[in-house]
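Text of the file coords_37.cif, holding mmCIF, C-alpha atoms:
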```cif
data_work
loop_
_atom_site.label_atom_id
_atom_site.label_comp_id
_atom_site.auth_asym_id
_atom_site.auth_seq_id
_atom_site.Cartn_x
_atom_site.Cartn_y
_atom_site.Cartn_z
CA MET A 1 -2.73 23.20 -47.48
CA PRO A 2 -5.89 22.88 -49.56
CA ALA A 3 -6.81 25.98 -51.51
CA GLY A 4 -9.61 28.18 -50.23
CA THR A 5 -9.45 27.26 -46.56
CA LEU A 6 -10.89 30.63 -45.49
CA TYR A 7 -14.42 29.54 -44.74
CA ARG A 8 -17.01 32.15 -43.89
CA GLY A 9 -14.82 34.18 -41.57
CA ARG A 10 -16.30 35.97 -38.58
CA GLU A 11 -16.75 34.66 -35.03
CA GLY A 12 -17.75 31.08 -35.89
CA MET A 13 -14.72 30.35 -38.05
CA TRP A 14 -12.13 32.24 -36.03
CA SER A 15 -13.16 30.59 -32.76
CA TRP A 16 -12.85 27.23 -34.57
CA VAL A 17 -9.35 28.18 -35.81
CA ALA A 18 -8.30 29.32 -32.33
CA HIS A 19 -9.71 26.11 -30.83
CA ARG A 20 -7.59 24.01 -33.22
CA VAL A 21 -4.40 26.02 -32.75
CA THR A 22 -4.67 26.02 -28.94
CA GLY A 23 -5.58 22.31 -28.97
CA VAL A 24 -2.50 21.33 -30.98
CA LEU A 25 -0.23 23.50 -28.79
CA ILE A 26 -1.65 22.00 -25.59
CA PHE A 27 -1.20 18.45 -26.94
CA PHE A 28 2.47 19.05 -27.73
CA PHE A 29 3.02 20.56 -24.28
CA LEU A 30 1.27 17.58 -22.67
CA PHE A 31 3.65 15.20 -24.45
CA VAL A 32 6.71 17.12 -23.16
CA HIS A 33 5.14 17.48 -19.70
CA VAL A 34 4.66 13.71 -19.25
CA LEU A 35 8.28 13.19 -20.30
CA ASP A 36 9.63 15.77 -17.83
CA THR A 37 7.46 14.39 -15.01
CA ALA A 38 8.80 10.90 -15.79
CA LEU A 39 12.19 12.13 -14.50
CA VAL A 40 10.88 11.65 -10.93
CA ARG A 41 11.59 7.94 -11.62
CA VAL A 42 15.21 8.76 -12.50
CA SER A 43 16.29 10.86 -9.51
CA PRO A 44 15.13 13.86 -7.48
CA GLU A 45 18.08 15.83 -8.93
CA ALA A 46 17.15 15.06 -12.55
CA TYR A 47 13.57 16.19 -11.87
CA ASP A 48 14.57 19.36 -10.00
CA ASP A 49 16.99 20.22 -12.82
CA VAL A 50 14.28 20.17 -15.46
CA VAL A 51 11.85 22.02 -13.18
CA ALA A 52 14.52 24.72 -12.83
CA THR A 53 13.97 25.38 -16.55
CA TYR A 54 10.28 25.93 -15.85
CA LYS A 55 11.29 28.64 -13.37
CA THR A 56 13.34 30.71 -15.85
CA PRO A 57 11.70 34.00 -16.97
CA VAL A 58 11.25 32.95 -20.61
CA VAL A 59 9.63 29.60 -19.78
CA ASN A 60 7.59 31.25 -17.00
CA VAL A 61 6.13 33.62 -19.60
CA MET A 62 5.42 30.57 -21.80
CA GLU A 63 3.52 29.06 -18.85
CA TYR A 64 1.31 32.15 -18.84
CA GLY A 65 0.80 31.50 -22.56
CA LEU A 66 -0.08 27.88 -21.77
CA VAL A 67 -2.64 29.07 -19.23
CA ALA A 68 -4.03 31.41 -21.92
CA ALA A 69 -4.34 28.55 -24.44
CA ILE A 70 -5.90 26.14 -21.94
CA LEU A 71 -8.38 28.72 -20.61
CA PHE A 72 -9.54 29.62 -24.12
CA HIS A 73 -9.79 25.95 -25.16
CA ALA A 74 -11.73 25.09 -21.98
CA LEU A 75 -14.17 28.03 -22.21
CA ASN A 76 -14.70 27.70 -25.96
CA GLY A 77 -15.11 23.93 -25.51
CA LEU A 78 -17.98 24.58 -23.10
CA ARG A 79 -19.43 26.95 -25.72
CA ILE A 80 -19.22 24.20 -28.36
CA ILE A 81 -21.05 21.82 -26.01
CA ALA A 82 -23.74 24.48 -25.50
CA VAL A 83 -24.03 24.96 -29.29
CA ASP A 84 -24.41 21.19 -29.78
CA PHE A 85 -26.70 20.27 -26.87
CA TRP A 86 -28.61 23.44 -25.89
CA SER A 87 -31.63 24.19 -28.08
CA LYS A 88 -30.84 27.91 -28.10
CA GLY A 89 -27.08 27.30 -28.51
CA PRO A 90 -26.68 27.70 -32.29
CA ARG A 91 -28.58 31.00 -32.31
CA ARG A 92 -26.48 32.37 -29.46
CA GLN A 93 -23.07 31.13 -30.59
CA LYS A 94 -21.70 34.64 -31.28
CA GLN A 95 -23.01 36.04 -28.03
CA MET A 96 -21.49 33.06 -26.20
CA LEU A 97 -18.11 33.67 -27.87
CA TRP A 98 -18.06 37.20 -26.45
CA TRP A 99 -18.80 35.71 -23.02
CA VAL A 100 -15.90 33.30 -23.55
CA VAL A 101 -13.60 36.22 -24.44
CA ALA A 102 -14.82 38.31 -21.49
CA ILE A 103 -14.36 35.50 -18.94
CA TRP A 104 -10.98 34.67 -20.50
CA VAL A 105 -9.81 38.30 -20.11
CA VAL A 106 -10.93 38.40 -16.45
CA LEU A 107 -9.25 35.07 -15.61
CA MET A 108 -6.06 36.03 -17.47
CA GLY A 109 -5.97 39.27 -15.51
CA GLY A 110 -6.40 37.33 -12.27
CA ALA A 111 -3.73 34.77 -13.24
CA PHE A 112 -1.14 37.40 -14.23
CA TYR A 113 0.49 37.94 -10.87
CA PRO A 114 0.13 34.41 -9.41
CA VAL A 115 1.57 32.68 -12.50
CA LEU A 116 4.34 35.22 -13.15
CA GLN A 117 5.20 36.00 -9.51
CA HIS A 118 8.32 33.82 -9.63
CA THR A 119 9.74 35.89 -12.51
CA LEU A 120 8.50 39.20 -11.12
CA ARG A 121 10.18 38.48 -7.78
CA THR A 122 13.41 37.30 -9.41
CA LEU A 123 13.67 40.26 -11.78
CA PHE A 124 12.35 43.06 -9.57
CA GLY A 125 13.36 41.85 -6.11
CA SER A 126 11.42 41.64 -2.84
CA MET B 1 -45.97 13.29 -60.64
CA SER B 2 -42.70 11.62 -61.61
CA ALA B 3 -40.48 13.16 -64.23
CA GLU B 4 -40.18 10.25 -66.67
CA THR B 5 -43.91 10.11 -67.40
CA THR B 6 -44.03 13.64 -68.80
CA PRO B 7 -41.30 14.11 -71.43
CA ALA B 8 -43.79 15.76 -73.79
CA THR B 9 -45.05 18.32 -71.28
CA ALA B 10 -41.48 19.10 -70.16
CA ALA B 11 -40.43 19.63 -73.76
CA ALA B 12 -43.43 21.89 -74.30
CA HIS B 13 -42.33 24.21 -71.49
CA ASP B 14 -38.59 24.39 -72.18
CA VAL B 15 -36.07 22.89 -74.53
CA SER B 16 -34.61 19.85 -72.75
CA LEU B 17 -31.09 18.62 -73.46
CA TYR B 18 -32.17 15.05 -72.65
CA ASP B 19 -34.73 12.57 -73.95
CA VAL B 20 -35.30 8.81 -73.93
CA ASP B 21 -32.43 8.12 -76.31
CA ASN B 22 -30.14 10.66 -74.69
CA PRO B 23 -30.75 10.38 -70.91
CA ALA B 24 -29.44 12.78 -68.31
CA PRO B 25 -26.38 11.55 -66.38
CA VAL B 26 -27.19 9.88 -63.07
CA ILE B 27 -25.95 11.81 -60.05
CA GLU B 28 -25.59 9.59 -57.00
CA ALA B 29 -26.80 10.77 -53.62
CA PRO B 30 -23.97 12.01 -51.37
CA ARG B 31 -22.50 9.30 -49.10
CA LYS B 32 -24.47 6.58 -50.92
CA ARG B 33 -23.30 3.10 -49.90
CA THR B 34 -21.67 1.26 -52.79
CA LYS B 35 -19.69 -1.96 -53.12
CA LYS B 36 -16.55 0.18 -52.81
CA THR B 37 -17.61 1.73 -49.50
CA PRO B 38 -15.13 0.50 -46.88
CA LYS B 39 -16.58 -1.65 -44.13
CA THR B 40 -15.11 0.59 -41.44
CA THR B 41 -17.53 3.41 -42.23
CA ARG B 42 -20.35 1.11 -41.16
CA THR B 43 -19.58 1.56 -37.46
CA ASN B 44 -20.48 4.52 -35.29
CA PHE B 45 -16.84 5.21 -34.39
CA GLU B 46 -16.96 8.88 -35.40
CA LEU B 47 -20.16 9.40 -33.42
CA TYR B 48 -18.59 7.96 -30.28
CA GLY B 49 -15.45 10.02 -30.94
CA TRP B 50 -17.57 13.17 -31.20
CA LEU B 51 -19.39 12.31 -27.96
CA PHE B 52 -16.14 11.41 -26.18
CA MET B 53 -14.66 14.84 -27.02
CA ARG B 54 -17.59 16.56 -25.30
CA LEU B 55 -17.85 14.28 -22.27
CA SER B 56 -14.09 14.13 -21.63
CA GLY B 57 -13.94 17.88 -22.28
CA ILE B 58 -16.31 18.62 -19.38
CA VAL B 59 -14.31 16.40 -17.00
CA LEU B 60 -11.01 17.87 -18.24
CA VAL B 61 -12.18 21.44 -17.59
CA VAL B 62 -12.40 20.52 -13.89
CA LEU B 63 -9.27 18.31 -13.74
CA VAL B 64 -6.95 20.56 -15.80
CA LEU B 65 -8.05 23.90 -14.37
CA GLY B 66 -7.73 22.41 -10.86
CA HIS B 67 -4.25 21.17 -11.78
CA LEU B 68 -3.23 24.61 -13.09
CA LEU B 69 -4.62 26.28 -9.99
CA ILE B 70 -2.58 24.03 -7.69
CA GLN B 71 0.63 23.98 -9.74
CA LEU B 72 0.85 27.49 -11.17
CA VAL B 73 -1.42 29.80 -9.17
CA LEU B 74 -1.74 28.89 -5.48
CA ASP B 75 1.05 28.93 -2.92
CA GLY B 76 3.79 30.81 -4.80
CA GLY B 77 3.05 29.61 -8.34
CA VAL B 78 5.81 27.61 -10.02
CA SER B 79 8.32 28.45 -7.23
CA LYS B 80 7.32 25.58 -4.94
CA ILE B 81 7.40 22.81 -7.55
CA GLY B 82 10.10 20.22 -7.06
CA PHE B 83 10.59 16.55 -6.21
CA ALA B 84 9.45 17.12 -2.62
CA PHE B 85 6.23 18.79 -3.80
CA VAL B 86 5.45 15.89 -6.16
CA ALA B 87 6.20 13.38 -3.38
CA GLY B 88 3.84 15.24 -1.06
CA ARG B 89 0.98 15.22 -3.53
CA TRP B 90 1.39 11.61 -4.73
CA ALA B 91 1.40 10.40 -1.14
CA SER B 92 -2.37 10.74 -1.46
CA PRO B 93 -4.31 8.21 -3.56
CA PHE B 94 -6.79 11.01 -4.35
CA TRP B 95 -4.20 13.05 -6.26
CA GLN B 96 -2.75 9.90 -7.85
CA ALA B 97 -6.21 9.06 -9.18
CA TRP B 98 -6.76 12.70 -10.25
CA ASP B 99 -3.52 12.71 -12.24
CA LEU B 100 -4.13 9.25 -13.72
CA VAL B 101 -7.63 10.12 -14.98
CA MET B 102 -6.36 13.49 -16.23
CA LEU B 103 -3.48 11.81 -18.10
CA TRP B 104 -5.69 9.27 -19.85
CA LEU B 105 -8.52 11.64 -20.73
CA ALA B 106 -6.20 14.45 -21.88
CA MET B 107 -4.07 12.13 -24.03
CA LEU B 108 -7.08 10.47 -25.67
CA HIS B 109 -8.86 13.83 -26.13
CA GLY B 110 -5.70 15.36 -27.63
CA ALA B 111 -4.94 12.33 -29.81
CA ASN B 112 -8.45 12.33 -31.23
CA GLY B 113 -8.19 16.06 -31.86
CA LEU B 114 -4.89 15.65 -33.69
CA ARG B 115 -6.33 12.73 -35.66
CA THR B 116 -9.03 15.12 -36.91
CA VAL B 117 -6.44 17.77 -37.78
CA ILE B 118 -4.32 15.21 -39.70
CA ASN B 119 -7.39 13.97 -41.59
CA ASP B 120 -8.24 17.56 -42.51
CA TYR B 121 -4.87 18.80 -43.72
CA ALA B 122 -2.82 15.78 -44.89
CA GLU B 123 -4.20 15.27 -48.36
CA ARG B 124 -2.18 12.24 -49.48
CA ALA B 125 -3.38 8.89 -48.15
CA THR B 126 0.15 7.68 -47.34
CA THR B 127 0.94 10.94 -45.49
CA ARG B 128 -2.22 10.56 -43.42
CA PHE B 129 -1.40 6.91 -42.71
CA TRP B 130 2.12 7.61 -41.43
CA LEU B 131 1.24 10.76 -39.48
CA LYS B 132 -1.57 8.90 -37.71
CA ASN B 133 0.67 5.92 -36.96
CA LEU B 134 3.23 8.29 -35.48
CA LEU B 135 0.48 9.95 -33.45
CA TYR B 136 -0.86 6.61 -32.15
CA ALA B 137 2.64 5.39 -31.26
CA ALA B 138 3.43 8.62 -29.38
CA THR B 139 0.05 8.47 -27.61
CA VAL B 140 0.41 4.85 -26.47
CA PHE B 141 3.99 5.51 -25.33
CA THR B 142 3.05 8.65 -23.37
CA VAL B 143 -0.02 7.13 -21.70
CA LEU B 144 1.89 3.99 -20.67
CA LEU B 145 4.93 5.95 -19.44
CA GLY B 146 2.77 8.35 -17.43
CA THR B 147 0.74 5.50 -15.94
CA LEU B 148 3.89 3.62 -15.00
CA VAL B 149 5.35 6.74 -13.35
CA ILE B 150 2.22 7.35 -11.26
CA PHE B 151 1.99 3.72 -10.11
CA THR B 152 5.69 3.14 -9.43
CA PHE B 153 6.56 6.53 -7.90
CA ASP B 154 8.99 6.05 -5.02
CA PRO B 155 9.51 9.06 -2.70
CA ASN B 156 12.60 7.34 -1.24
CA ILE B 157 14.26 6.75 -4.57
CA ARG B 158 17.43 8.15 -3.03
#
```

Show how you would write the structure in this file as structure tokens.
Amino acid sequence: MPAGTLYRGREGMWSWVAHRVTGVLIFFFLFVHVLDTALVRVSPEAYDDVVATYKTPVVNVMEYGLVAAILFHALNGLRIIAVDFWSKGPRRQKQMLWWVVAIWVVLMGGAFYPVLQHTLRTLFGS
Amino acid sequence: MSAETTPATAAAHDVSLYDVDNPAPVIEAPRKRTKKTPKTTRTNFELYGWLFMRLSGIVLVVLVLGHLLIQLVLDGGVSKIGFAFVAGRWASPFWQAWDLVMLWLAMLHGANGLRTVINDYAERATTRFWLKNLLYAATVFTVLLGTLVIFTFDPNIR
């Protein structure tokens, strides 16, 4: 790592860091995801076996993490587009980041039960 | 008034380190084109890359969030996913096209993002070269494999 990579700090830099980290994580997942989907060309059993892993509690929680990463990357990406193409974007970049965080929190709250319902049902019955 | 015509006046105001016999070092303008500038920097590749990230990003917001909604949120979340579910969705050319466009855009968007990350953090030229080759190989492989799977999917494989 080059020395002195802490730029100016604050909202602008940290959203940039989070955008990079989530982007790299999503790319690695995408690579694995294409490989696991390719098993539909092997046999239905091979595919259902690997999908069974996606239904285990630990991986199910990781899926919620994937949703978190993708939602942040998507919302912050729209913010970057607004900063680049909207005349008032650069001046409102901080304000827009707090909108990104607020919408992210609401959507993550809404996604909690639907995404984790498989685990919640398995662990707590009904 | 240009600087070289007034050495006397400049010297009168402050003591200069430089004069005609002892000129100041020349500092080149940043990003000045020289004979050593590689030809590849003369294209607008980075501009188109920058634009592609934004345009594909907008499309991917719709495609990927729609995909997550269908796969992980609606109708029981991850519970219903299986070979039969995939067969049901890929029976429709609409969802085949959705997944194909999503695959290509997401892989190219992600590969270009990782290319930027490698350029930023891999300081040695040989490290950058090999990491990017690995990235391009993995990207081509994944895009081709995914495309092949979508086009050759057979619901009656067994």

* To do: Compute the chain B side of the contact with chain A at 8 Å, counting all atoms listed in the file, and hand it back as number ranges by chain.
  => B: 54, 57-58, 61, 65, 68, 72-74, 76-79, 81-83, 107, 110-111, 113-114, 117, 121-123, 142, 145-146, 149, 152-154, 157-158

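Restricting the calculation to all atoms listed in the file, the smallest distance between Trp14 (chain A) and any of A:Lys88, A:Val83, A:Lys94, A:Asp36 is found for A:Lys94.
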
Discussion item. For Arg10 (chain A), find every residue with an atom within 12 Å (counting only C-alpha atoms), except residues of its own chain fewer than 4 positions away, and show them as a list in words.
Written reply: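 The contact residues come out as Leu6, Trp14, Ser15, Trp16, Val17, Gln93, Lys94 and Leu97 of chain A.
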
Quick one: pull the distance between CA of Met102 (chain B) and CA of Ala87 (chain B), Å, one decimal.
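Spanning CA of Met102 (chain B) to CA of Ala87 (chain B) is a straight-line distance of 18.0 Å.
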
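One finds CA of Gly88 (chain B) at 25.8 Å from CA of Met62 (chain A).
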
Report the residues retrieved by the PyMOL selection byres ((chain A and resi 98) around 12) from the displayed file, expressed as an mmCIF file with C-alpha atoms, in the frame of the given file.
```cif
data_model
loop_
_atom_site.group_PDB
_atom_site.id
_atom_site.type_symbol
_atom_site.label_atom_id
_atom_site.label_comp_id
_atom_site.auth_asym_id
_atom_site.auth_seq_id
_atom_site.Cartn_x
_atom_site.Cartn_y
_atom_site.Cartn_z
ATOM 1 C CA GLU A 11 -16.750 34.660 -35.030
ATOM 2 C CA GLY A 12 -17.750 31.080 -35.890
ATOM 3 C CA SER A 15 -13.160 30.590 -32.760
ATOM 4 C CA PHE A 72 -9.540 29.620 -24.120
ATOM 5 C CA LEU A 75 -14.170 28.030 -22.210
ATOM 6 C CA ASN A 76 -14.700 27.700 -25.960
ATOM 7 C CA ARG A 79 -19.430 26.950 -25.720
ATOM 8 C CA ARG A 92 -26.480 32.370 -29.460
ATOM 9 C CA GLN A 93 -23.070 31.130 -30.590
ATOM 10 C CA LYS A 94 -21.700 34.640 -31.280
ATOM 11 C CA GLN A 95 -23.010 36.040 -28.030
ATOM 12 C CA MET A 96 -21.490 33.060 -26.200
ATOM 13 C CA LEU A 97 -18.110 33.670 -27.870
ATOM 14 C CA TRP A 99 -18.800 35.710 -23.020
ATOM 15 C CA VAL A 100 -15.900 33.300 -23.550
ATOM 16 C CA VAL A 101 -13.600 36.220 -24.440
ATOM 17 C CA ALA A 102 -14.820 38.310 -21.490
ATOM 18 C CA ILE A 103 -14.360 35.500 -18.940
ATOM 19 C CA TRP A 104 -10.980 34.670 -20.500
ATOM 20 C CA VAL A 105 -9.810 38.300 -20.110
#
```

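Relative to CA of Lys35 (chain B), CA of Arg124 (chain B) is found at 22.8 Å.
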
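Comparing the minimum interatomic distances between Tyr136 (chain B) and each of B:Leu108, B:Ala91, B:Val20, B:Met53, counting only C-alpha atoms, we find that B:Leu108 sits nearest.
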
Between A:Thr53, A:Ala68, A:Val61, A:Gly9, single out the one closest to Thr22 (chain A), counting all atoms listed in the file.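 So, comparing all the options, the nearest one is A:Ala68.
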
I'd like a table as JSON lines: residues in region 67-121 of chain B with an atom no more than 9 Å from region 130-134 of chain B, each row giving the shortest atom pair and its distance in Å to one decimal, all atoms listed in the file counted, sorted by chain and rising residue number.
```
{"residue": "B:Leu114", "atom": "CA", "partner": "B:Lys132", "partner_atom": "CA", "distance": 8.5}
{"residue": "B:Arg115", "atom": "CA", "partner": "B:Lys132", "partner_atom": "CA", "distance": 6.4}
{"residue": "B:Ile118", "atom": "CA", "partner": "B:Leu131", "partner_atom": "CA", "distance": 7.1}
{"residue": "B:Asn119", "atom": "CA", "partner": "B:Lys132", "partner_atom": "CA", "distance": 8.6}
```

The PyMOL selection byres ((chain B and resi 94-98) around 10) applied to the shown file, residues as a list in words: Leu63, Val64, Gly66, His67, Gly88, Arg89, Trp90, Ala91, Ser92, Pro93, Asp99, Leu100, Val101, Met102, Leu103, Thr147, Ile150, Phe151 and Phe153 of chain B

Write to file, as an mmCIF file, keeping the file's coordinate frame, the residues of the selection just made, with C-alpha atoms.
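The new file out13.cif reads:
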```
data_model
loop_
_atom_site.group_PDB
_atom_site.id
_atom_site.type_symbol
_atom_site.label_atom_id
_atom_site.label_comp_id
_atom_site.auth_asym_id
_atom_site.auth_seq_id
_atom_site.Cartn_x
_atom_site.Cartn_y
_atom_site.Cartn_z
ATOM 1 C CA LEU B 63 -9.270 18.310 -13.740
ATOM 2 C CA VAL B 64 -6.950 20.560 -15.800
ATOM 3 C CA GLY B 66 -7.730 22.410 -10.860
ATOM 4 C CA HIS B 67 -4.250 21.170 -11.780
ATOM 5 C CA GLY B 88 3.840 15.240 -1.060
ATOM 6 C CA ARG B 89 0.980 15.220 -3.530
ATOM 7 C CA TRP B 90 1.390 11.610 -4.730
ATOM 8 C CA ALA B 91 1.400 10.400 -1.140
ATOM 9 C CA SER B 92 -2.370 10.740 -1.460
ATOM 10 C CA PRO B 93 -4.310 8.210 -3.560
ATOM 11 C CA ASP B 99 -3.520 12.710 -12.240
ATOM 12 C CA LEU B 100 -4.130 9.250 -13.720
ATOM 13 C CA VAL B 101 -7.630 10.120 -14.980
ATOM 14 C CA MET B 102 -6.360 13.490 -16.230
ATOM 15 C CA LEU B 103 -3.480 11.810 -18.100
ATOM 16 C CA THR B 147 0.740 5.500 -15.940
ATOM 17 C CA ILE B 150 2.220 7.350 -11.260
ATOM 18 C CA PHE B 151 1.990 3.720 -10.110
ATOM 19 C CA PHE B 153 6.560 6.530 -7.900
#
```

Six-sided padding of 6 Å per side, axis-aligned box over region 75-93 of chain B, centre and edges in Å, one decimal, as AutoDock Vina command-line options:
```
--center_x 3.1 --center_y 19.5 --center_z -5.5 --size_x 26.9 --size_y 34.6 --size_z 21.0
```

Checklist entry - Closest to Arg121 (chain A) among A:Ala18, A:Phe29, A:Val106, A:Pro57, using only C-alpha atoms? => result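 The answer is A:Pro57, which sits nearest to Arg121 (chain A).
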
Produce region 63-111 of chain A of the given structure as output with C-alpha atoms, as a PDB file, in the first residue's frame.
```pdb
ATOM      1  CA  GLU A  63     -26.860 -13.015   1.426  1.00  0.00           C
ATOM      2  CA  TYR A  64     -28.254 -10.253   3.630  1.00  0.00           C
ATOM      3  CA  GLY A  65     -24.723  -8.811   3.640  1.00  0.00           C
ATOM      4  CA  LEU A  66     -24.642  -9.087  -0.159  1.00  0.00           C
ATOM      5  CA  VAL A  67     -27.936  -7.201  -0.349  1.00  0.00           C
ATOM      6  CA  ALA A  68     -26.406  -4.561   1.965  1.00  0.00           C
ATOM      7  CA  ALA A  69     -23.327  -4.189  -0.266  1.00  0.00           C
ATOM      8  CA  ILE A  70     -25.342  -4.057  -3.505  1.00  0.00           C
ATOM      9  CA  LEU A  71     -27.878  -1.559  -2.125  1.00  0.00           C
ATOM     10  CA  PHE A  72     -25.132   0.770  -0.918  1.00  0.00           C
ATOM     11  CA  HIS A  73     -23.185   0.463  -4.189  1.00  0.00           C
ATOM     12  CA  ALA A  74     -26.349   1.103  -6.233  1.00  0.00           C
ATOM     13  CA  LEU A  75     -27.535   4.113  -4.197  1.00  0.00           C
ATOM     14  CA  ASN A  76     -24.072   5.651  -3.886  1.00  0.00           C
ATOM     15  CA  GLY A  77     -23.522   5.016  -7.612  1.00  0.00           C
ATOM     16  CA  LEU A  78     -26.613   7.091  -8.372  1.00  0.00           C
ATOM     17  CA  ARG A  79     -25.175   9.773  -6.059  1.00  0.00           C
ATOM     18  CA  ILE A  80     -21.890   9.739  -8.009  1.00  0.00           C
ATOM     19  CA  ILE A  81     -23.831  10.158 -11.263  1.00  0.00           C
ATOM     20  CA  ALA A  82     -25.678  13.116  -9.706  1.00  0.00           C
ATOM     21  CA  VAL A  83     -22.356  14.639  -8.565  1.00  0.00           C
ATOM     22  CA  ASP A  84     -20.922  14.257 -12.091  1.00  0.00           C
ATOM     23  CA  PHE A  85     -23.897  15.282 -14.233  1.00  0.00           C
ATOM     24  CA  TRP A  86     -26.149  17.496 -12.074  1.00  0.00           C
ATOM     25  CA  SER A  87     -25.018  21.117 -11.833  1.00  0.00           C
ATOM     26  CA  LYS A  88     -25.865  21.265  -8.131  1.00  0.00           C
ATOM     27  CA  GLY A  89     -24.447  17.774  -7.473  1.00  0.00           C
ATOM     28  CA  PRO A  90     -20.944  18.630  -6.204  1.00  0.00           C
ATOM     29  CA  ARG A  91     -22.295  21.169  -3.698  1.00  0.00           C
ATOM     30  CA  ARG A  92     -24.851  18.690  -2.381  1.00  0.00           C
ATOM     31  CA  GLN A  93     -22.660  15.584  -2.265  1.00  0.00           C
ATOM     32  CA  LYS A  94     -22.691  15.344   1.559  1.00  0.00           C
ATOM     33  CA  GLN A  95     -26.413  15.908   1.793  1.00  0.00           C
ATOM     34  CA  MET A  96     -26.931  13.252  -0.898  1.00  0.00           C
ATOM     35  CA  LEU A  97     -24.765  10.778   1.032  1.00  0.00           C
ATOM     36  CA  TRP A  98     -27.071  11.122   4.037  1.00  0.00           C
ATOM     37  CA  TRP A  99     -30.015  10.433   1.716  1.00  0.00           C
ATOM     38  CA  VAL A 100     -28.166   7.346   0.470  1.00  0.00           C
ATOM     39  CA  VAL A 101     -27.631   6.169   4.059  1.00  0.00           C
ATOM     40  CA  ALA A 102     -31.249   6.899   5.031  1.00  0.00           C
ATOM     41  CA  ILE A 103     -32.728   5.050   2.026  1.00  0.00           C
ATOM     42  CA  TRP A 104     -30.255   2.204   2.602  1.00  0.00           C
ATOM     43  CA  VAL A 105     -31.374   1.853   6.249  1.00  0.00           C
ATOM     44  CA  VAL A 106     -35.066   1.810   5.247  1.00  0.00           C
ATOM     45  CA  LEU A 107     -34.521  -0.772   2.480  1.00  0.00           C
ATOM     46  CA  MET A 108     -32.321  -2.941   4.728  1.00  0.00           C
ATOM     47  CA  GLY A 109     -35.043  -2.855   7.361  1.00  0.00           C
ATOM     48  CA  GLY A 110     -37.611  -3.888   4.758  1.00  0.00           C
ATOM     49  CA  ALA A 111     -35.366  -6.656   3.384  1.00  0.00           C
TER      50      ALA A 111
END
```
